[in-house]
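Peer 1: Sharing a structure with you now.
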Amino acid sequence: MTGTTTLTLGGLLLALIILTCNLYPWYRGGREMSKLASFGKGSAAGVCAAMCPGGILGWAHSRSGTVGNGIGERTSQATTGTTSTQGLTTGQLVGLGTTGAVIVVITVLLVGLAYKEAGRKDKRRILGGAYVGSTLCLTAGVAGILSWLPAALNSTGDGIVAFVQGAGIL
């Protein structure tokens, strides 16, 4: 892969800017959860991509850090005159199995279908959520908080496979 698995302060800055731009209108506009739905869908897809060790989703996850680091570092330099190239403690979501991968693909497909149906603003929110979800999973804190997720997706996939194969029915 040609991406990075290390997030810098600049990359974190960009993720926080996008997160703030999505949370501010929600906070000021009555705090209706439906206003965060598009961002949440994108975040779910980004977190799913963060669990993938390779493939297109794994590549997109690693590239999110590279792109965010560059843009965030230039933003920090241009706005404050300080450099933000210091790396953060790296984290990674590991343990996704083949049955969990089925759930990841279906989840990303559903988000892709929602993106296709969405209006212009919601498309941007979905993309922003995907970026933030993926990028924040490069940090040890967020990856640690979500460390249970690959096992949960694996067990959900196992249950679906058992159902389809007729386990316990015949």
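Starting from 1 in every chain, residues are counted up; chains themselves are A, B, ... following the order of the structure tokens, and ligands are numbered from 1 as listed.
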With a distance cut-off of 12 Å and only C-alpha atoms, select the neighbouring residues of Gly54 in chain A, excluding the residue or stretch itself and same-chain residues fewer than 2 positions from it, and output the selection as a list in words.

Peer 2: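 Returned residues: Met1, Thr2, Gly3, Cys48, Ala49, Ala50, Met51, Cys52, Ile56, Leu57, Gly58, Trp59, Ala60, His61, Ser62, Arg63, Val94, Leu96 and Ala101 of chain A.
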
Peer 1: Would you give me, as a PyMOL selection string, the residues in range 51-100 of chain A that DSSP reads as helix (DSSP H, G or I)?

Peer 2: chain A and resi 51+55-80+98-100

Peer 1: Hey, can you spit out that residue selection with N, CA, C and O atoms as a compact mmCIF listing (two decimals), in the first residue's frame?

Peer 2:
# COMPACT_ATOMS: atom_id res chain seq x y z
N MET A 51 -11.14 -1.51 9.47
CA MET A 51 -10.94 -2.89 9.91
C MET A 51 -10.31 -3.77 8.84
O MET A 51 -9.84 -4.86 9.14
N GLY A 55 -7.11 -4.80 0.39
CA GLY A 55 -8.19 -4.58 -0.56
C GLY A 55 -8.44 -3.09 -0.78
O GLY A 55 -7.69 -2.23 -0.32
N ILE A 56 -9.51 -2.79 -1.48
CA ILE A 56 -9.85 -1.41 -1.79
C ILE A 56 -10.16 -0.63 -0.52
O ILE A 56 -9.72 0.52 -0.36
N LEU A 57 -10.90 -1.24 0.39
CA LEU A 57 -11.26 -0.52 1.62
C LEU A 57 -10.04 -0.28 2.51
O LEU A 57 -9.89 0.80 3.09
N GLY A 58 -9.16 -1.25 2.62
CA GLY A 58 -7.93 -1.07 3.38
C GLY A 58 -7.04 0.00 2.77
O GLY A 58 -6.42 0.80 3.47
N TRP A 59 -6.97 0.01 1.44
CA TRP A 59 -6.19 1.04 0.74
C TRP A 59 -6.78 2.42 1.01
O TRP A 59 -6.04 3.36 1.30
N ALA A 60 -8.11 2.55 0.90
CA ALA A 60 -8.75 3.84 1.14
C ALA A 60 -8.50 4.31 2.57
O ALA A 60 -8.27 5.50 2.81
N HIS A 61 -8.53 3.39 3.51
CA HIS A 61 -8.27 3.74 4.91
C HIS A 61 -6.85 4.27 5.09
O HIS A 61 -6.64 5.30 5.72
N SER A 62 -5.88 3.60 4.52
CA SER A 62 -4.50 4.05 4.68
C SER A 62 -4.27 5.38 3.96
O SER A 62 -3.50 6.22 4.42
N ARG A 63 -4.94 5.60 2.84
CA ARG A 63 -4.80 6.86 2.11
C ARG A 63 -5.45 8.02 2.86
O ARG A 63 -5.03 9.16 2.71
N SER A 64 -6.49 7.75 3.65
CA SER A 64 -7.14 8.84 4.38
C SER A 64 -6.16 9.52 5.33
O SER A 64 -6.19 10.75 5.47
N GLY A 65 -5.29 8.75 5.94
CA GLY A 65 -4.28 9.34 6.81
C GLY A 65 -3.27 10.16 6.04
O GLY A 65 -2.91 11.27 6.45
N THR A 66 -2.83 9.66 4.91
CA THR A 66 -1.86 10.38 4.09
C THR A 66 -2.42 11.71 3.61
O THR A 66 -1.77 12.75 3.73
N VAL A 67 -3.63 11.67 3.07
CA VAL A 67 -4.26 12.89 2.55
C VAL A 67 -4.53 13.87 3.69
O VAL A 67 -4.23 15.06 3.59
N GLY A 68 -5.08 13.38 4.78
CA GLY A 68 -5.39 14.24 5.93
C GLY A 68 -4.16 14.87 6.55
O GLY A 68 -4.19 16.05 6.93
N ASN A 69 -3.09 14.10 6.64
CA ASN A 69 -1.86 14.65 7.21
C ASN A 69 -1.38 15.83 6.38
O ASN A 69 -1.03 16.88 6.91
N GLY A 70 -1.34 15.66 5.08
CA GLY A 70 -0.85 16.73 4.20
C GLY A 70 -1.72 17.98 4.26
O GLY A 70 -1.23 19.10 4.44
N ILE A 71 -3.02 17.80 4.12
CA ILE A 71 -3.93 18.95 4.13
C ILE A 71 -3.94 19.63 5.49
O ILE A 71 -3.88 20.85 5.60
N GLY A 72 -4.00 18.83 6.55
CA GLY A 72 -4.04 19.39 7.90
C GLY A 72 -2.76 20.13 8.26
O GLY A 72 -2.80 21.18 8.91
N GLU A 73 -1.62 19.59 7.85
CA GLU A 73 -0.35 20.25 8.15
C GLU A 73 -0.24 21.58 7.40
O GLU A 73 0.22 22.58 7.96
N ARG A 74 -0.69 21.61 6.15
CA ARG A 74 -0.68 22.88 5.41
C ARG A 74 -1.67 23.88 6.01
O ARG A 74 -1.39 25.07 6.07
N THR A 75 -2.82 23.39 6.46
CA THR A 75 -3.81 24.27 7.09
C THR A 75 -3.26 24.87 8.37
O THR A 75 -3.39 26.08 8.61
N SER A 76 -2.62 24.07 9.18
CA SER A 76 -2.03 24.55 10.42
C SER A 76 -0.94 25.58 10.15
O SER A 76 -0.88 26.63 10.80
N GLN A 77 -0.09 25.29 9.18
CA GLN A 77 1.00 26.21 8.84
C GLN A 77 0.45 27.53 8.32
O GLN A 77 0.92 28.60 8.70
N ALA A 78 -0.58 27.46 7.46
CA ALA A 78 -1.13 28.68 6.86
C ALA A 78 -1.91 29.52 7.86
O ALA A 78 -1.89 30.75 7.80
N THR A 79 -2.61 28.89 8.80
CA THR A 79 -3.45 29.65 9.72
C THR A 79 -2.74 30.10 10.98
O THR A 79 -3.05 31.16 11.51
N THR A 80 -1.79 29.31 11.46
CA THR A 80 -1.14 29.66 12.73
C THR A 80 0.36 29.88 12.62
O THR A 80 0.97 30.40 13.54
N THR A 98 -13.24 -13.72 7.77
CA THR A 98 -13.94 -13.80 6.49
C THR A 98 -15.44 -13.58 6.64
O THR A 98 -16.05 -12.95 5.77
N THR A 99 -16.03 -14.07 7.71
CA THR A 99 -17.47 -13.85 7.88
C THR A 99 -17.76 -12.41 8.28
O THR A 99 -18.77 -11.84 7.87
N GLY A 100 -16.87 -11.79 9.03
CA GLY A 100 -17.02 -10.38 9.36
C GLY A 100 -16.85 -9.50 8.14
O GLY A 100 -17.48 -8.44 8.01

Peer 1: Which is closer to Lys35 in chain A than all the others in A:Thr6, A:Ser155, A:Asn22, A:Ser147, using only C-alpha atoms?

Peer 2: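 The shortest atom-to-atom distance to Lys35 in chain A comes from A:Asn22.
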
Peer 1: Out of A:Thr107, A:Ser43, A:Asn154, A:Thr89, which residue has the shortest atom-to-atom distance to Val132 in chain A when counting only C-alpha atoms?

Peer 2: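 Residue with the minimum atom-to-atom distance to Val132 in chain A: A:Ser43.
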
Peer 1: Any idea what the distance is between CA of Gly133 in chain A and CA of Thr90 in chain A?

Peer 2: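 Atom-to-atom, CA of Gly133 in chain A to CA of Thr90 in chain A, that is 14.8 Å.
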